[in-house]
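Everything below concerns the one structure shown next.
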Amino acid sequence: MMRNIHFLIAVALLAALPAIESPFIQSMALTCLMFAGLAVSWSMFSGPTRYLSLATSAFFGLGAYCTAWGLGKLPWPAVVMLGGCAAVVFAFAIGLITLRLRGAYFAVITYGLGELVKHSITHVEKTWFGTVGRVMTETPSSATVYWTVLAIAALAVWTYVAFGRSRYGHALRGIGMDEERAATLGVNPMRVKLIGFCLSAWFAGALGAAMAVRWTYIDPHTVFNPFIVFQTVLISMVGGPLTIGGPLIGALAFSLLSEFLRLSLPYLYMIILGVLLIVSVLYLPDGIAGYDWKRLWEKITRRKAPEEKP
Amino acid sequence: MNFYLFIDLVVAGLVTGGIYAVVALGLNLQYGLMRIMNIAHGEFLMLGAYFTYALVKVTGASPLWFIPPMMVALFLLGLLLHRLIFRLLAATSPNAEAMEARSLIVGFGLMFIAQNVAQLIWGGGMSGQPYLDAPVTFGEVTVAANRLLVLVVVAAASLALVLVLKKTLLGKAVRGMLQAPLGAMLVGIDTRTLHPACFGLGLALAGLAGGLLSMVYELTPAMGEPYTISALIVITLGGLGNIPGAIAGAILLGLAETFGMYFTSPSMKILISYGVLVGVLLLRPKGLFAR
């Protein structure tokens, strides 16, 4: 109950943010919320199952293209819903065939499919519509975009917790530990994985749809950028995908880091990201939130204790 | 389509395929032996190309002189990376799947580092150092000399590797590790020495391909990525750990790309590559030559 109240207070405070009329803070908060939403939705499926999905960019880009197509024809909430649903349809289609593969194969094929979609859209736009990108007019106000992204991110957090507690969450964790054992215990792995994969895709697609209007001009290379999925995976892995705190801490830390480094020293920023990625995989396999800090603290204090004696 | 055009396309396909073979052999050793899904493999090709180019620019000598020392440097870099990262990764991964997934993330990290270091040192795109680009004619067929040289060198390198693996005791040890990692350790094969050596060898082979490419194509910090994808396609086509299969797969892919591009358009190249990758993974995830 206390947790629910904390969560509602946090959402209410963030919702009041546009009242501070600072474009800088608002844009930073927007990026932070976007990555928090993406990381939470990624962790929803890939955290417990340990299936490394690299399809987030594809979901995001599909959502963004739904906005490019539907804006002005449909009301704003319907556009965002549509973006999420397009991602779900895509996730369902590729999930049916790719969720049978495991380990690096799954990661490589989800990445490959994302790139295939990106290059197909580039090709179709160039040959059929004679265009490289699309310009969006009649964009909603920046406060509306902010509240939409906040709502999706908050919904993602709520879903992460509720889904994790449900039968499906337990089944997904069972699959992550030992898929064959989960299957013999009566879990239908394919069905459970598909549900988890599609659910996580909806949020990425909806976020893509909501964020697309921020650019006003989109092309496949911006919205299907593999960087989106790399950053999402990085945030989740460094933060720790197994608890809700992990992706949130990660998103906050990386938004601040990128805000200060990315514009002034873009190459150095990427090098730092690379080093952090390697270090976190090597030393923090369950992320910052999943690390046993208490034990480390005890270890340090215990090691110091004998030195104090003469 | 006339006969000479056909020969032209076959030669171009073989050159591309040969480069793919050299890159894929290294990746195949890394993946087959250590379950390292090194997505940064193409980045070492890029480093090899830039090293060669930089040395040629400073000294003005032929790039062929610099390829062997550059390969040694990359081999040593491989030993270092294995010692710093992959040994620990292998020791702390509970199973092969975890190793694959974690090494993939490490690979992305290495990719970010390598590409942006190259960007900082050498800047964005720059033209390569055309070397030996005089045409050589055989009757009606004309081929640039450097492409012919690339073809000869990659064929020799692939052949040498296959011979070492087939004929020597060292090669037998490596094949043993490919077939049964645990069994190899039980019969006394020194995996602690051979694993880093094979990882370094993979980097050196990627560097060889890069050094050769620097004579033919333009250099960019992102030039390695398509080769990583191609190498992944090749080892999936050929079957993991299957060295002759990888060579056959590489030549097949090189020819398919060259002919596919000729009959459609150059912008389709990447679409064809990813299409082949996805198709192969879905239809024959164990490789074309799996029994």
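Just remember, in the structure tokens the first chain shown is A, the second B, etc., residues are 1-based per chain, and ligands are 1-based in the order shown.
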
- Task: Would you list the contacts of segment 192-198 of chain A as number ranges by chain, taking every protein, DNA or RNA residue within 7 Å and counting only C-alpha atoms, but skipping same-chain residues closer than 2 positions in sequence?
- Result: A: 45, 88, 91-92, 95, 168, 172, 188-190, 200-202

Atoms kept (N, CA and C atoms) for selection, written as a PDB file, in the first residue's frame:
```
ATOM      1  N   PHE A  45      10.216  -8.595 -20.270  1.00  0.00           N
ATOM      2  CA  PHE A  45      10.353  -9.880 -20.934  1.00  0.00           C
ATOM      3  C   PHE A  45      11.774 -10.442 -20.807  1.00  0.00           C
ATOM      4  N   VAL A  88       2.876  -4.675 -31.489  1.00  0.00           N
ATOM      5  CA  VAL A  88       2.418  -5.974 -30.980  1.00  0.00           C
ATOM      6  C   VAL A  88       2.230  -6.952 -32.136  1.00  0.00           C
ATOM      7  N   ALA A  91       5.593  -8.012 -33.206  1.00  0.00           N
ATOM      8  CA  ALA A  91       6.200  -8.884 -32.201  1.00  0.00           C
ATOM      9  C   ALA A  91       5.584 -10.273 -32.267  1.00  0.00           C
ATOM     10  N   PHE A  92       4.262 -10.328 -32.465  1.00  0.00           N
ATOM     11  CA  PHE A  92       3.583 -11.620 -32.530  1.00  0.00           C
ATOM     12  C   PHE A  92       4.100 -12.418 -33.720  1.00  0.00           C
ATOM     13  N   GLY A  95       7.718 -13.271 -33.110  1.00  0.00           N
ATOM     14  CA  GLY A  95       7.819 -14.131 -31.931  1.00  0.00           C
ATOM     15  C   GLY A  95       7.491 -15.574 -32.264  1.00  0.00           C
ATOM     16  N   TYR A 168       1.863 -15.484 -15.012  1.00  0.00           N
ATOM     17  CA  TYR A 168       2.741 -15.396 -16.177  1.00  0.00           C
ATOM     18  C   TYR A 168       4.151 -14.981 -15.773  1.00  0.00           C
ATOM     19  N   LEU A 172       7.448 -17.012 -16.566  1.00  0.00           N
ATOM     20  CA  LEU A 172       8.587 -16.471 -17.311  1.00  0.00           C
ATOM     21  C   LEU A 172       9.889 -16.684 -16.554  1.00  0.00           C
ATOM     22  N   ASN A 188       3.200 -23.730 -20.646  1.00  0.00           N
ATOM     23  CA  ASN A 188       3.327 -23.778 -22.104  1.00  0.00           C
ATOM     24  C   ASN A 188       4.302 -22.676 -22.506  1.00  0.00           C
ATOM     25  N   PRO A 189       5.594 -23.025 -22.714  1.00  0.00           N
ATOM     26  CA  PRO A 189       6.614 -21.972 -22.861  1.00  0.00           C
ATOM     27  C   PRO A 189       6.315 -21.018 -24.011  1.00  0.00           C
ATOM     28  N   MET A 190       5.888 -21.567 -25.157  1.00  0.00           N
ATOM     29  CA  MET A 190       5.675 -20.727 -26.334  1.00  0.00           C
ATOM     30  C   MET A 190       4.615 -19.663 -26.040  1.00  0.00           C
ATOM     31  N   SER A 200       5.668  -6.523 -23.904  1.00  0.00           N
ATOM     32  CA  SER A 200       6.805  -5.598 -23.835  1.00  0.00           C
ATOM     33  C   SER A 200       6.890  -4.771 -25.117  1.00  0.00           C
ATOM     34  N   ALA A 201       6.474  -5.360 -26.251  1.00  0.00           N
ATOM     35  CA  ALA A 201       6.530  -4.630 -27.524  1.00  0.00           C
ATOM     36  C   ALA A 201       5.553  -3.461 -27.543  1.00  0.00           C
ATOM     37  N   TRP A 202       4.372  -3.636 -26.916  1.00  0.00           N
ATOM     38  CA  TRP A 202       3.366  -2.568 -26.963  1.00  0.00           C
ATOM     39  C   TRP A 202       3.939  -1.253 -26.454  1.00  0.00           C
TER      40      TRP A 202
END
```

Determine, using only C-alpha atoms, which residues of chain B have any atom at most 8 Å from an atom of chain A, and tabulate each with its shortest atom pair and distance in Å to one decimal place, rows ordered by chain and then rising number, as a Markdown table.
```
| residue | atom | partner | partner_atom | distance |
| --- | --- | --- | --- | --- |
| B:Met37 | CA | A:Ala104 | CA | 7.0 |
| B:Ile85 | CA | A:Leu282 | CA | 7.4 |
| B:Leu88 | CA | A:Leu282 | CA | 7.2 |
| B:Leu89 | CA | A:Leu282 | CA | 6.2 |
| B:Glu97 | CA | A:Gly103 | CA | 4.8 |
| B:Ala98 | CA | A:Gly103 | CA | 7.1 |
| B:Glu100 | CA | A:Ala104 | CA | 5.4 |
| B:Ala101 | CA | A:Ala104 | CA | 5.4 |
| B:Arg102 | CA | A:Val281 | CA | 6.5 |
| B:Leu104 | CA | A:Ala104 | CA | 7.1 |
| B:Ile105 | CA | A:Leu277 | CA | 7.1 |
| B:Val106 | CA | A:Ile278 | CA | 4.9 |
| B:Phe108 | CA | A:Gly274 | CA | 7.1 |
| B:Gly109 | CA | A:Gly274 | CA | 3.7 |
| B:Leu110 | CA | A:Gly274 | CA | 6.1 |
| B:Met111 | CA | A:Gly274 | CA | 7.4 |
| B:Phe112 | CA | A:Gly274 | CA | 5.3 |
| B:Ile113 | CA | A:Ile271 | CA | 4.5 |
| B:Ala114 | CA | A:Ile271 | CA | 8.0 |
| B:Asn116 | CA | A:Tyr267 | CA | 5.2 |
| B:Val117 | CA | A:Ile271 | CA | 7.3 |
| B:Gln119 | CA | A:Tyr267 | CA | 7.3 |
| B:Leu120 | CA | A:Tyr267 | CA | 6.8 |
| B:Ile270 | CA | A:His119 | CA | 7.6 |
| B:Leu271 | CA | A:His119 | CA | 6.3 |
| B:Tyr274 | CA | A:Leu116 | CA | 5.9 |
| B:Gly275 | CA | A:Leu116 | CA | 6.9 |
| B:Leu277 | CA | A:Gly112 | CA | 7.3 |
| B:Val278 | CA | A:Ile109 | CA | 6.3 |
| B:Leu281 | CA | A:Ile109 | CA | 7.3 |
| B:Leu282 | CA | A:Ile97 | CA | 7.2 |
```

- Task: Mind checking which residues fall within 7 Å of segment 147-159 of chain A, counting only C-alpha atoms, ignoring those fewer than 5 positions away in the same chain, and posting them as a list in words?
- Result: Ala15, Leu33, Met34, Ala36, Gly37, Val40, Ser41, Phe203, Leu207 and Ala210 of chain A

- Separation of atom CA of Ala256 of chain B from atom CA of Leu213 of chain B, in Å and rounded to one decimal: 19.9 Å

- Message: From a backbone DSSP assignment, name each residue in segment 82-277 of chain B labelled alpha helix (DSSP H), as a VMD selection string.
- Response: chain B and resid 87 to 92 96 to 122 145 to 167 169 to 179 181 to 186 191 to 213 225 to 238 243 to 263 269 to 277

Write out as an mmCIF file with C-alpha atoms, in the first residue's frame each polymer residue whose atoms come within 10 Å of Gly133 of chain A, counting only C-alpha atoms; drop sequence neighbours fewer than 2 positions from it.
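Saved to part-v1.cif:
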```cif
data_model
loop_
_atom_site.group_PDB
_atom_site.id
_atom_site.type_symbol
_atom_site.label_atom_id
_atom_site.label_comp_id
_atom_site.auth_asym_id
_atom_site.auth_seq_id
_atom_site.Cartn_x
_atom_site.Cartn_y
_atom_site.Cartn_z
ATOM 1 C CA TYR A 65 5.872 5.406 -38.581
ATOM 2 C CA ALA A 68 3.779 9.709 -39.370
ATOM 3 C CA ILE A 121 10.933 0.763 -45.229
ATOM 4 C CA THR A 122 13.770 2.845 -46.679
ATOM 5 C CA GLU A 125 9.636 4.849 -49.333
ATOM 6 C CA LYS A 126 12.241 5.508 -51.992
ATOM 7 C CA PHE A 129 6.586 7.101 -52.526
ATOM 8 C CA GLY A 130 9.715 8.774 -53.872
ATOM 9 C CA THR A 131 10.665 10.123 -50.435
ATOM 10 C CA VAL A 135 7.434 15.609 -42.208
ATOM 11 C CA MET A 136 4.803 15.858 -39.508
ATOM 12 C CA TYR A 217 10.795 15.063 -39.513
ATOM 13 C CA ILE A 218 11.476 11.336 -39.330
ATOM 14 C CA ASP A 219 13.328 8.918 -41.562
ATOM 15 C CA PRO A 220 14.072 5.215 -41.024
ATOM 16 C CA HIS A 221 17.629 5.888 -39.894
ATOM 17 C CA THR A 222 16.490 8.074 -36.987
#
```

- Query: What lies within 10 Å of Leu77 of chain B using only C-alpha atoms, ignoring chain neighbours under 3 positions off, as a list in words?
  - Reply: Phe44, Met71, Val72, Ala73, Leu74, Leu80, Leu81, His82, Arg83, Phe199, Gly200, Leu203 and Ala204 of chain B

For segment 148-154 of chain B, find every residue with an atom within 10 Å (counting only C-alpha atoms), except residues of its own chain fewer than 2 positions away, and show them as a PDB file with N, CA and C atoms, in the first residue's frame.
```pdb
ATOM      1  N   VAL B  11      34.314 -13.375 -60.845  1.00  0.00           N
ATOM      2  CA  VAL B  11      35.548 -12.936 -60.179  1.00  0.00           C
ATOM      3  C   VAL B  11      35.209 -11.993 -59.025  1.00  0.00           C
ATOM      4  N   ALA B  12      34.319 -11.029 -59.286  1.00  0.00           N
ATOM      5  CA  ALA B  12      33.931 -10.097 -58.213  1.00  0.00           C
ATOM      6  C   ALA B  12      33.318 -10.856 -57.048  1.00  0.00           C
ATOM      7  N   LEU B  14      33.882 -13.961 -56.200  1.00  0.00           N
ATOM      8  CA  LEU B  14      34.906 -14.739 -55.497  1.00  0.00           C
ATOM      9  C   LEU B  14      35.751 -13.842 -54.603  1.00  0.00           C
ATOM     10  N   VAL B  15      36.055 -12.626 -55.064  1.00  0.00           N
ATOM     11  CA  VAL B  15      36.834 -11.704 -54.224  1.00  0.00           C
ATOM     12  C   VAL B  15      36.050 -11.393 -52.946  1.00  0.00           C
ATOM     13  N   THR B  16      34.768 -11.006 -53.120  1.00  0.00           N
ATOM     14  CA  THR B  16      33.934 -10.726 -51.947  1.00  0.00           C
ATOM     15  C   THR B  16      33.841 -11.962 -51.054  1.00  0.00           C
ATOM     16  N   GLY B  17      33.587 -13.107 -51.667  1.00  0.00           N
ATOM     17  CA  GLY B  17      33.443 -14.345 -50.903  1.00  0.00           C
ATOM     18  C   GLY B  17      34.718 -14.703 -50.165  1.00  0.00           C
ATOM     19  N   GLY B  18      35.875 -14.475 -50.815  1.00  0.00           N
ATOM     20  CA  GLY B  18      37.144 -14.787 -50.166  1.00  0.00           C
ATOM     21  C   GLY B  18      37.368 -13.949 -48.926  1.00  0.00           C
ATOM     22  N   ILE B  19      37.047 -12.642 -49.035  1.00  0.00           N
ATOM     23  CA  ILE B  19      37.159 -11.767 -47.866  1.00  0.00           C
ATOM     24  C   ILE B  19      36.228 -12.271 -46.755  1.00  0.00           C
ATOM     25  N   TYR B  20      34.987 -12.596 -47.131  1.00  0.00           N
ATOM     26  CA  TYR B  20      34.036 -13.118 -46.138  1.00  0.00           C
ATOM     27  C   TYR B  20      34.594 -14.362 -45.476  1.00  0.00           C
ATOM     28  N   ALA B  21      35.231 -15.232 -46.280  1.00  0.00           N
ATOM     29  CA  ALA B  21      35.745 -16.490 -45.726  1.00  0.00           C
ATOM     30  C   ALA B  21      36.778 -16.212 -44.643  1.00  0.00           C
ATOM     31  N   VAL B  22      37.725 -15.289 -44.942  1.00  0.00           N
ATOM     32  CA  VAL B  22      38.782 -15.017 -43.969  1.00  0.00           C
ATOM     33  C   VAL B  22      38.189 -14.435 -42.687  1.00  0.00           C
ATOM     34  N   VAL B  23      37.230 -13.489 -42.844  1.00  0.00           N
ATOM     35  CA  VAL B  23      36.613 -12.885 -41.658  1.00  0.00           C
ATOM     36  C   VAL B  23      35.829 -13.943 -40.883  1.00  0.00           C
ATOM     37  N   LEU B 132      48.166  -0.769 -56.616  1.00  0.00           N
ATOM     38  CA  LEU B 132      48.131  -1.787 -57.678  1.00  0.00           C
ATOM     39  C   LEU B 132      46.781  -1.814 -58.379  1.00  0.00           C
ATOM     40  N   ASP B 133      46.249  -0.634 -58.762  1.00  0.00           N
ATOM     41  CA  ASP B 133      44.930  -0.703 -59.384  1.00  0.00           C
ATOM     42  C   ASP B 133      45.000  -0.776 -60.914  1.00  0.00           C
ATOM     43  N   PRO B 135      44.856  -2.454 -64.485  1.00  0.00           N
ATOM     44  CA  PRO B 135      44.091  -3.623 -64.919  1.00  0.00           C
ATOM     45  C   PRO B 135      44.991  -4.723 -65.474  1.00  0.00           C
ATOM     46  N   VAL B 136      44.577  -5.934 -65.259  1.00  0.00           N
ATOM     47  CA  VAL B 136      45.271  -7.086 -65.825  1.00  0.00           C
ATOM     48  C   VAL B 136      44.291  -7.748 -66.774  1.00  0.00           C
ATOM     49  N   VAL B 143      40.608  -7.554 -65.078  1.00  0.00           N
ATOM     50  CA  VAL B 143      40.460  -7.533 -63.624  1.00  0.00           C
ATOM     51  C   VAL B 143      41.504  -6.584 -63.075  1.00  0.00           C
ATOM     52  N   ALA B 144      41.139  -5.784 -62.062  1.00  0.00           N
ATOM     53  CA  ALA B 144      42.129  -4.920 -61.425  1.00  0.00           C
ATOM     54  C   ALA B 144      43.118  -5.795 -60.680  1.00  0.00           C
ATOM     55  N   ALA B 145      44.398  -5.431 -60.759  1.00  0.00           N
ATOM     56  CA  ALA B 145      45.448  -6.276 -60.170  1.00  0.00           C
ATOM     57  C   ALA B 145      45.257  -6.445 -58.675  1.00  0.00           C
ATOM     58  N   ASN B 146      44.807  -5.357 -57.994  1.00  0.00           N
ATOM     59  CA  ASN B 146      44.701  -5.488 -56.534  1.00  0.00           C
ATOM     60  C   ASN B 146      43.607  -6.481 -56.126  1.00  0.00           C
ATOM     61  N   ALA B 156      45.045 -18.256 -50.280  1.00  0.00           N
ATOM     62  CA  ALA B 156      46.201 -18.870 -49.636  1.00  0.00           C
ATOM     63  C   ALA B 156      46.003 -18.965 -48.133  1.00  0.00           C
ATOM     64  N   ALA B 157      45.481 -17.883 -47.522  1.00  0.00           N
ATOM     65  CA  ALA B 157      45.295 -17.875 -46.069  1.00  0.00           C
ATOM     66  C   ALA B 157      44.280 -18.934 -45.651  1.00  0.00           C
ATOM     67  N   SER B 158      43.148 -19.017 -46.379  1.00  0.00           N
ATOM     68  CA  SER B 158      42.131 -20.007 -46.030  1.00  0.00           C
ATOM     69  C   SER B 158      42.694 -21.416 -46.171  1.00  0.00           C
ATOM     70  N   LEU B 159      43.406 -21.637 -47.273  1.00  0.00           N
ATOM     71  CA  LEU B 159      43.961 -22.956 -47.528  1.00  0.00           C
ATOM     72  C   LEU B 159      44.959 -23.333 -46.437  1.00  0.00           C
ATOM     73  N   ALA B 160      45.822 -22.356 -46.067  1.00  0.00           N
ATOM     74  CA  ALA B 160      46.817 -22.622 -45.035  1.00  0.00           C
ATOM     75  C   ALA B 160      46.137 -23.011 -43.731  1.00  0.00           C
ATOM     76  N   LEU B 205      43.257 -12.625 -38.494  1.00  0.00           N
ATOM     77  CA  LEU B 205      42.644 -12.904 -39.797  1.00  0.00           C
ATOM     78  C   LEU B 205      41.742 -11.748 -40.227  1.00  0.00           C
ATOM     79  N   LEU B 208      43.958  -9.116 -41.470  1.00  0.00           N
ATOM     80  CA  LEU B 208      44.441  -9.415 -42.823  1.00  0.00           C
ATOM     81  C   LEU B 208      43.418  -8.941 -43.856  1.00  0.00           C
ATOM     82  N   ALA B 209      42.157  -9.289 -43.621  1.00  0.00           N
ATOM     83  CA  ALA B 209      41.110  -8.868 -44.554  1.00  0.00           C
ATOM     84  C   ALA B 209      41.062  -7.345 -44.634  1.00  0.00           C
ATOM     85  N   GLY B 211      43.501  -5.152 -44.001  1.00  0.00           N
ATOM     86  CA  GLY B 211      44.667  -4.631 -44.688  1.00  0.00           C
ATOM     87  C   GLY B 211      44.509  -4.746 -46.206  1.00  0.00           C
ATOM     88  N   LEU B 212      43.954  -5.883 -46.644  1.00  0.00           N
ATOM     89  CA  LEU B 212      43.747  -6.069 -48.084  1.00  0.00           C
ATOM     90  C   LEU B 212      42.680  -5.108 -48.603  1.00  0.00           C
ATOM     91  N   LEU B 213      41.616  -4.925 -47.810  1.00  0.00           N
ATOM     92  CA  LEU B 213      40.530  -4.050 -48.254  1.00  0.00           C
ATOM     93  C   LEU B 213      40.985  -2.604 -48.376  1.00  0.00           C
ATOM     94  N   MET B 215      43.430  -1.519 -49.686  1.00  0.00           N
ATOM     95  CA  MET B 215      43.988  -1.246 -51.015  1.00  0.00           C
ATOM     96  C   MET B 215      42.885  -1.051 -52.046  1.00  0.00           C
ATOM     97  N   VAL B 216      41.678  -1.486 -51.722  1.00  0.00           N
ATOM     98  CA  VAL B 216      40.623  -1.502 -52.732  1.00  0.00           C
ATOM     99  C   VAL B 216      39.518  -0.493 -52.438  1.00  0.00           C
TER     100      VAL B 216
END
```

- Contacts of segment 77-87 of chain A within 6 Å, only C-alpha atoms, excl. fewer than 5 positions in-chain, as a ChimeraX atom specification: /A:59,63,66-67,201-202,205-206,209-210

Residues from last step as file, N, CA and C atoms, as a PDB file, in the first residue's frame:
```pdb
ATOM      1  N   PHE A  59      10.398  -2.054 -32.878  1.00  0.00           N
ATOM      2  CA  PHE A  59       9.099  -1.695 -32.287  1.00  0.00           C
ATOM      3  C   PHE A  59       8.940  -0.174 -32.253  1.00  0.00           C
ATOM      4  N   GLY A  63       6.214   2.143 -34.351  1.00  0.00           N
ATOM      5  CA  GLY A  63       5.320   3.084 -33.679  1.00  0.00           C
ATOM      6  C   GLY A  63       5.443   4.475 -34.270  1.00  0.00           C
ATOM      7  N   CYS A  66       3.745   4.768 -37.541  1.00  0.00           N
ATOM      8  CA  CYS A  66       2.295   4.848 -37.392  1.00  0.00           C
ATOM      9  C   CYS A  66       1.871   6.297 -37.165  1.00  0.00           C
ATOM     10  N   THR A  67       2.666   7.004 -36.345  1.00  0.00           N
ATOM     11  CA  THR A  67       2.354   8.416 -36.105  1.00  0.00           C
ATOM     12  C   THR A  67       2.481   9.215 -37.390  1.00  0.00           C
ATOM     13  N   ALA A 201       6.474  -5.360 -26.251  1.00  0.00           N
ATOM     14  CA  ALA A 201       6.530  -4.630 -27.524  1.00  0.00           C
ATOM     15  C   ALA A 201       5.553  -3.461 -27.543  1.00  0.00           C
ATOM     16  N   TRP A 202       4.372  -3.636 -26.916  1.00  0.00           N
ATOM     17  CA  TRP A 202       3.366  -2.568 -26.963  1.00  0.00           C
ATOM     18  C   TRP A 202       3.939  -1.253 -26.454  1.00  0.00           C
ATOM     19  N   GLY A 205       6.434   0.338 -28.842  1.00  0.00           N
ATOM     20  CA  GLY A 205       5.748   0.918 -29.991  1.00  0.00           C
ATOM     21  C   GLY A 205       5.026   2.204 -29.627  1.00  0.00           C
ATOM     22  N   ALA A 206       4.334   2.194 -28.483  1.00  0.00           N
ATOM     23  CA  ALA A 206       3.602   3.386 -28.058  1.00  0.00           C
ATOM     24  C   ALA A 206       4.569   4.538 -27.786  1.00  0.00           C
ATOM     25  N   ALA A 209       5.613   5.975 -31.034  1.00  0.00           N
ATOM     26  CA  ALA A 209       4.546   6.795 -31.605  1.00  0.00           C
ATOM     27  C   ALA A 209       4.497   8.162 -30.927  1.00  0.00           C
ATOM     28  N   ALA A 210       4.657   8.162 -29.586  1.00  0.00           N
ATOM     29  CA  ALA A 210       4.564   9.431 -28.861  1.00  0.00           C
ATOM     30  C   ALA A 210       5.781  10.308 -29.118  1.00  0.00           C
TER      31      ALA A 210
END
```

- Query: What is the distance between atom CA of Gly48 of chain B and atom CA of Met70 of chain B, in Å to one decimal?
  - Reply: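 These atoms are spaced 6.6 Å apart.
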
- Query: How many Å separate atom CA of Met185 of chain B from atom CA of Ile235 of chain B?
  - Reply: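 Here the two named atoms are 24.7 Å from each other.
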
- Secondary structure check, strand (DSSP E or B) residues of segment 127-214 of chain B, as number ranges by chain: B: 135-138, 141-144

Next, dump the selected residues to file, keeping only C-alpha atoms, as a tab-separated table (two decimals), in the first residue's frame.
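The file below, part.tsv, is the result:
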```
chain	number	residue	atom	x	y	z
B	135	PRO	CA	44.09	-3.62	-64.92
B	136	VAL	CA	45.27	-7.09	-65.82
B	137	THR	CA	43.78	-8.68	-68.92
B	138	PHE	CA	43.26	-12.34	-69.67
B	141	VAL	CA	38.41	-10.41	-69.25
B	142	THR	CA	39.84	-7.43	-67.37
B	143	VAL	CA	40.46	-7.53	-63.62
B	144	ALA	CA	42.13	-4.92	-61.43
```
